[in-house]
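Asker: Structure provided below as structure tokens; questions to follow.
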Protein chains: 2
Amino acid sequence: MTAGEKIVGVIGGMGPEATVEFMRRLVAAVPAKDDADHLHVIADNNPKVPSRIKALIEGGGEDPAPVLIAMARGLEAAGAGVLAIPCNTAHYYLPQIARAVRVPVLDVVALAVGGLSSLAPKPRRVGMLASTAIRLVGLFGARLGAAGFETLFPDAERQAGLLDVIRAVKAGAVTAEHRQVYQGVARHLAGQGADAFLVACTELSLLPAPDVTRPVLDTLDILVDATVAAARD
Amino acid sequence: MTAGEKIVGVIGGMGPEATVEFMRRLVAAVPAKDDADHLHVIADNNPKVPSRIKALIEGGGEDPAPVLIAMARGLEAAGAGVLAIPCNTAHYYLPQIARAVRVPVLDVVALAVGGLSSLAPKPRRVGMLASTAIRLVGLFGARLGAAGFETLFPDAERQAGLLDVIRAVKAGAVTAEHRQVYQGVARHLAGQGADAFLVACTELSLLPAPDVTRPVLDTLDILVDATVAAARD
């Protein structure tokens with residue numbers, strides 16, 4: 001192992017394909033001549049984590065927090081020196097997870113604020129391409145607001161369409177129509193004045209980025225870059 | 001978790017991209033309506049395992065076995081009920097790994113024999129698309145021979161070319177020329193009488209299958225199918 005390089009622990013499975021894509025981008029992000037140049041990653045790709053959609057949107061679902069905490073502790077016990085969660089919605093439980101382990105857990109919301117702040121010119125209105133749960137629990141709104149960004153979410157009907165797209169990705173059943181809905185939501189937010197976009201759902205990260213004339217930041221890419229930096233810190 | 005479904009442990013990192021591809025194919029192999037339908041997979045994607053090429057071909061390299069055994073034990077301790085190794089060459093160490101844990105470890109060589117035997121008509125000569133190490137340690141030859149198959153390896157020059165292709169995959173530096181070399185090796189083996197092909201290196205599984213008129217079995221696919229079956233057994 002490169003001296004001082006940390007093992008990356010991945011609290012994954014939400015969904016499993018997004019976790020695999022996160023791992024693929026981690027491999028692609030590290031210039032390597034041979035295997036050993038890559039990061040050592042231990043991934044708990046656990047699709048049995050209780051549904052965040054059920055717990056946060058529909059109500060009455062099982063609390064995902066205890067499972068997420070157990071996964072974090074398992075990864076720490078396995079030697080992970082930094083943890084990443086390639087699921088934006090699961091960051092609702094980040095304070096509980098972070099308190100349960102001694103190693104740092106990357107915070108995709110803080111990282112997104114940093115990414116948006118580094119754009120020039122700095123955007124004012126950020127179009128949010130995210131799960132309905134993200135909006136309901138206010139995961140990005142307050143912290144982006146504190147950093148001087150206004151968050152623009154789709155109206156209820158378009159947000160429902162976006163949730164259908166996310167569910168289609170999880171079911172491996174994305175059609176051209178789903179891609180069109182996604183694109184339509186982004187264009188609509190552009191019309192509402194969004195001057196940057198944040199892809200803040202790892203299922204949406206699996207689709208081609210929306211074709212808009214404003215910058216599009218993908219939280220999955222932001223998390224990949226931060227993970228590489230943190231592992232080598 | 002589906003009743004009785006085992007957690008899959010992946011002894012990975014050899015190379016890391018092949019492990020990610022194995023995980024991607026595992027997700028794709030399971031029909032799912034939502035996350036929870038997928039298998040729970042814990043992957044130790046450890047690219048720091050001592051080089052099998054150095055240990056088995058070049059000589060004098062560090063022995064990978066103790067690291068592989070520690071990974072297997074770690075995955076068992078984390079709850080894995082079945083282990084898979086998405087690296088053919090690492091199967092040289094399978095007997096040692098299997099002795100070190102109580103859970104079953106899938107054997108890609110036995111699985112490949114099964115896959116080839118199920119072809120109709122049954123092939124006689126199997127063109128081996130594999131690392132030089134596979135040939136040197138006789139990993140497939142004897143057991144395919146016992147099952148009635150003759151193994152055809154490329155001549156020394158073409159085998160060296162194939163090892164260059166494998167190294168290029170590990171370095172993320174595959175060119176059109178590498179693909180052509182791979183294709184040329186397969187065509188040459190076809191000319192030597194191969195009536196089936198076995199892709200027996202997970203780096204080669206990352207390339208498009210060679211364009212030949214005989215059946216091509218990919219050990220990575222064979223391992224994916226067997227992993228799904230074993231997890232649900």
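So you can find residues: chains in the structure tokens are A, B, ... in the order shown, residues in each start at 1, and ligands are numbered from 1 in order.
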For a quick test of understanding: name the residues of chain B lying within 8 Å of chain A when counting only C-alpha atoms, and present them as an NGL selection string.
Answerer: :B and (1 or 13-17 or 20 or 23-24 or 27-28 or 31-49 or 74 or 78 or 167 or 170-172)
Asker: Please identify which residues in chain A DSSP calls strand (DSSP E or B) from the backbone, and express them as a ChimeraX atom specification.
Answerer: /A:7-12,41-45,80-84,105,125-130,150-152,196-200,216-218
Asker: If you count only C-alpha atoms, which residues fall within 12 Å of A:Ser131, apart from same-chain ones fewer than 5 positions away, as number ranges by chain?
Answerer: A: 52-53, 56-57, 87-90, 136-140, 153-154, 156, 158-167, 182, 198-205
Asker: Using only C-alpha atoms, determine which residues lie at most 7 Å from B:Gln183, disregarding the query and same-chain residues fewer than 3 positions distant; provide the list as a PyMOL selection string.
Answerer: chain B and resi 179-180+186-187+210-211
Asker: Give me the residues near A:Ile97 as a PyMOL selection string, where near means some atom within 12 Å (using only C-alpha atoms) and where sequence neighbours in that chain fewer than 2 positions away do not count.
Answerer: chain A and resi 11+64-76+83-85+90-95+99-107
Asker: Output the selection as a short mmCIF file (atom, residue, chain, number, x, y, z; two decimals), in the first residue's frame - C-alpha atoms for each residue.
Answerer:
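Result file again_16.cif:
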```cif
data_model
loop_
_atom_site.label_atom_id
_atom_site.label_comp_id
_atom_site.auth_asym_id
_atom_site.auth_seq_id
_atom_site.Cartn_x
_atom_site.Cartn_y
_atom_site.Cartn_z
CA ILE A 11 -21.69 2.04 2.77
CA PRO A 64 -32.66 2.41 7.99
CA ALA A 65 -30.36 4.00 10.62
CA PRO A 66 -29.50 0.90 12.69
CA VAL A 67 -28.53 -1.07 9.56
CA LEU A 68 -26.44 1.83 8.22
CA ILE A 69 -24.68 2.18 11.57
CA ALA A 70 -23.93 -1.56 11.68
CA MET A 71 -22.48 -1.38 8.16
CA ALA A 72 -20.30 1.60 9.10
CA ARG A 73 -18.99 -0.20 12.18
CA GLY A 74 -18.34 -3.35 10.16
CA LEU A 75 -16.31 -1.42 7.60
CA GLU A 76 -14.37 0.34 10.35
CA LEU A 83 -16.19 6.01 4.77
CA ALA A 84 -18.26 7.11 1.77
CA ILE A 85 -22.00 6.72 1.17
CA ALA A 90 -29.01 8.17 3.01
CA HIS A 91 -27.11 11.29 4.10
CA TYR A 92 -30.19 12.13 6.14
CA TYR A 93 -28.77 9.57 8.58
CA LEU A 94 -25.19 10.88 8.36
CA PRO A 95 -25.09 12.48 11.84
CA ARG A 99 -21.30 9.48 15.71
CA ALA A 100 -21.11 5.67 15.65
CA VAL A 101 -17.57 5.40 14.24
CA ARG A 102 -14.18 6.97 14.88
CA VAL A 103 -13.18 7.31 11.23
CA PRO A 104 -14.36 10.24 9.08
CA VAL A 105 -17.49 9.83 6.97
CA LEU A 106 -17.57 12.00 3.85
CA ASP A 107 -20.52 14.41 3.67
#
```
Asker: Distance atom CA of B:Val212-atom CA of B:Glu177, one decimal place?
Answerer: 17.7 Å
Asker: What is the distance between atom CA of B:Gly184 and atom CA of B:Ala120, in Å to one decimal?
Answerer: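 Distance reported for this atom pair: 25.6 Å.
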Asker: Just to confirm, what's the straight-line distance from atom CA of A:Leu217 to atom CA of A:Ala194 in Å (one decimal)?
Answerer: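 One can read the atom CA of A:Leu217 to atom CA of A:Ala194 distance as 12.7 Å.
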Asker: Looking at only C-alpha atoms, which of A:Pro121, A:Gly115, A:Gly127, A:Gly59 is the one that sits closest to A:Gly191?
Answerer: A:Gly127
Asker: What are the DSSP alpha helix (DSSP H) residues of chain B, as an MDAnalysis selection string?
Answerer: chainID B and resid 16:29 52:53 65:77 94:100 108:117 132:137 141:146 156:170 176:191 219:231
Asker: Name the closest residue to B:Met128 among the candidates B:Ala29, B:Ala226, B:Leu189, B:Leu206; distances are taken between atoms, counting only C-alpha atoms.
Answerer: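 Using only C-alpha atoms, B:Met128 sits closest to B:Leu189.
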Asker: Would you list the contacts of B:Lys6 as a VMD selection string, taking every protein, DNA or RNA residue within 7 Å and counting only C-alpha atoms, but skipping same-chain residues closer than 5 positions in sequence?
Answerer: chain B and resid 80 to 82 231 to 232
Asker: Got a sec: who's within 9 Å of B:Ala190, counting only C-alpha atoms, leaving out chain neighbours fewer than 5 positions off, as a ChimeraX atom specification?
Answerer: /B:127,185,195-197,212-214
